[in-house]
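Undergrad: Encoded as structure tokens, here's the structure I'll be asking about.
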Amino acid sequence: MTPPSPAASRRPLLASLAFLAFVSLGLPDGLLGVSWPSMRGDLGVPLDALGLLAAVQTAGYLTSSFLSGRVLRVQPIGTVLALSTLAAAVALLGFALTPAWPLLLAFGFLAGLGGGAVDAGLNAYGARHFSARTLNWLHAFFGLGTTLGPLIVTAVLGSGNVWRWSYVIVGGAQLALALTFFLTRRRWVTATAPDGESAAPVPAARTRETLRRPVVWLGMLTFFLYTGVEAVTAQWSYSLLTLGRGVPETAAGLFVSLYWGSLMVGRILFGAVANRVPLVGTLRLCLIASVAGALLFWLEPTRALSVAGLMMIGFFLAPIFASLISLTPGRVGQAHADSAIGFQVAAAGLGGAALTALVGVLSRWGGLELIGASVTVLAALLLALYEVFMRVGGGETAPERVGG
């Protein structure tokens, strides 16, 4: 019996570490919303100061994800993951210990820097070495993190402790993950070819060379729109249902939870079949179905069909982000892939924030029903951009990937 190669023995470990890293990415998002009322009371800031904290964290996230390609040219991925996770751990422990609002903002920026670097770095690595199945499951684990975060805060507060202990718990877990990344940093270096031998890495192009390629900008715009559709639906559907359509608050909350649940379930289920279906054509069908779901949600032929449309949006959007990451090296070229994926992750973060704000302005001007119309228009634009993105660039063979 032939023993497994060293490359093959690394695959389950690296995939497992990547899953844990994406859980850790989702945990802080889940912590903040539930802990904020207690946090802002301790620090003596108004309720709407959450917007400033979110903006500062987003600025850090955009900075590190946009520069990730440049960083990965000078530092190996294992070192980047270890340092970025350490930064996130320090930021979370800083949240737990800080007595002052300005210091909390500084830790918020550091948390964004760490999260953006982990997100962009692991997506870039996964595009080269993980299968589409593993990438979809990777993003499903982010949803697990956002689900666990509120439960941790709720358990801490319910046991009579202050909110700061929830950040101690998660920050301590991040420290352990950072140490694990440091100890395994050399295992991430060597790519694997189909025969298990080491594959020669493709020299990375300079950042400005990558930005000169029109296909890179198309990819950024596609991710900008994708996250816009996902975030606008998540953030504004509750307001439309309760304030615009008279749905009881408890029912509307359940419907929004079903949306998030359908997004996570879709990623898990698609991950199970991703390696056995034609990826480009399947994503096209998913995008068409998401437009149909948006139309049902907007036009509301019946309440049940509108809710079904909301769940269709989540379920059929589920595989888009991870699968587009998987396709990016073949679209932009291996030399440009790391930088391009970093740009895409940054554009996704910007799209979620900017389009959510824009739809809020539109709904205040033209009424809440513009929320459903906006989701439909954005979903249709996303489908059109996807078709262009798939037709521009390409011509490279996708690399062999591990973990799936």
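Numbering starts fresh at 1 for the residues of each chain in the structure tokens, the chains themselves are lettered A, B, ... in the order given, and ligands are numbered from 1 as they appear.
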Please build the interface table for range 155-234 of chain A against range 68-89 of chain A with a cut-off of 9 Å, listing for each qualifying residue the nearest atom pair and the distance in Å to one decimal; count only C-alpha atoms, order rows by chain and increasing number, and write it as CSV.
TA:
```
residue,atom,partner,partner_atom,distance
A:Val170,CA,A:Ala89,CA,7.9
A:Gly171,CA,A:Ala89,CA,4.7
A:Gly172,CA,A:Ala89,CA,6.9
A:Ala173,CA,A:Ala89,CA,7.9
A:Gln174,CA,A:Ala89,CA,5.0
A:Leu175,CA,A:Ala89,CA,5.5
A:Ala176,CA,A:Leu86,CA,9.0
A:Leu177,CA,A:Thr85,CA,7.1
A:Ala178,CA,A:Ala82,CA,4.8
A:Leu179,CA,A:Ala82,CA,6.9
A:Thr180,CA,A:Ala82,CA,7.7
A:Phe181,CA,A:Ala82,CA,4.8
A:Phe182,CA,A:Ala82,CA,5.1
A:Leu183,CA,A:Ala82,CA,8.7
A:Thr184,CA,A:Gly78,CA,7.1
A:Arg185,CA,A:Gly78,CA,3.9
A:Arg186,CA,A:Gly78,CA,6.5
A:Arg187,CA,A:Gly78,CA,7.6
A:Trp188,CA,A:Gly78,CA,5.6
A:Val189,CA,A:Pro76,CA,6.6
A:Pro203,CA,A:Arg73,CA,8.6
A:Ala204,CA,A:Arg73,CA,6.5
A:Ala205,CA,A:Arg73,CA,8.7
A:Arg206,CA,A:Arg70,CA,7.4
A:Thr207,CA,A:Arg70,CA,6.5
```
Undergrad: Using DSSP on the backbone coordinates, identify all residues within range 233-302 of chain A classified as alpha helix (DSSP H); present the result as a PyMOL selection string.
TA: chain A and resi 233-239+249-273+279-299
Undergrad: Contacts between range 9-33 of chain A and range 57-153 of chain A, please, where a residue of range 57-153 of chain A counts if it comes within 6 Å (with only C-alpha atoms); show its shortest atom pair and distance in Å to one decimal, rows by chain and ascending number, as CSV.
TA:
```
residue,atom,partner,partner_atom,distance
A:Leu138,CA,A:Phe19,CA,5.4
A:Phe141,CA,A:Val23,CA,5.2
A:Phe142,CA,A:Phe22,CA,4.8
A:Gly145,CA,A:Gly26,CA,4.1
A:Thr146,CA,A:Gly30,CA,4.4
A:Gly149,CA,A:Gly30,CA,4.1
A:Pro150,CA,A:Gly30,CA,5.1
```
Undergrad: Print the selection's residues with C-alpha atoms to a file, as a tab-separated table (two decimals), in the first residue's frame.
TA:
```tsv
chain	number	residue	atom	x	y	z
A	138	LEU	CA	-15.28	27.98	3.49
A	141	PHE	CA	-18.23	28.64	7.88
A	142	PHE	CA	-18.27	32.45	7.91
A	145	GLY	CA	-19.23	32.42	12.89
A	146	THR	CA	-21.87	35.14	12.55
A	149	GLY	CA	-21.24	35.39	17.88
A	150	PRO	CA	-24.66	36.49	19.20
```
Undergrad: So that I can check the surroundings of Ser237 in chain A, please list as an mmCIF file with C-alpha atoms, in the first residue's frame every protein, DNA and RNA residue that reaches within 8 Å of it, counting only C-alpha atoms and ignoring chain neighbours fewer than 3 positions away.
TA:
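Now in selection-v4.cif:
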```
data_model
loop_
_atom_site.group_PDB
_atom_site.id
_atom_site.type_symbol
_atom_site.label_atom_id
_atom_site.label_comp_id
_atom_site.auth_asym_id
_atom_site.auth_seq_id
_atom_site.Cartn_x
_atom_site.Cartn_y
_atom_site.Cartn_z
ATOM 1 C CA VAL A 232 -29.225 45.439 0.704
ATOM 2 C CA THR A 233 -31.542 42.438 0.977
ATOM 3 C CA ALA A 234 -30.263 41.602 4.465
ATOM 4 C CA LEU A 240 -39.800 46.935 4.023
ATOM 5 C CA LEU A 241 -41.729 44.063 5.592
ATOM 6 C CA VAL A 256 -34.951 37.673 7.591
ATOM 7 C CA ILE A 371 -36.170 48.609 -1.698
ATOM 8 C CA GLY A 372 -37.645 45.645 -3.577
#
```
Undergrad: When you look at range 285-301 of chain A with a cut-off of 12 Å (counting only C-alpha atoms), what residues show up, excluding the ones that are within fewer than 4 positions of it in the same chain? I need them as an MDAnalysis selection string.
TA: chainID A and resid 226 229:230 232:233 237 240:241 244:245 255 259 263 266:267 270 277:281 305:321 323 368:387
Undergrad: Counting only C-alpha atoms, which of A:Trp365, A:Phe343, A:Phe130, A:Phe109 gets nearest to Leu218 in chain A?
TA: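 For Leu218 in chain A, the nearest of the candidates is A:Phe343.
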Undergrad: Between CA of Gly349 in chain A and CA of Thr328 in chain A, measure the distance and give it in Å to one decimal.
TA: 17.5 Å
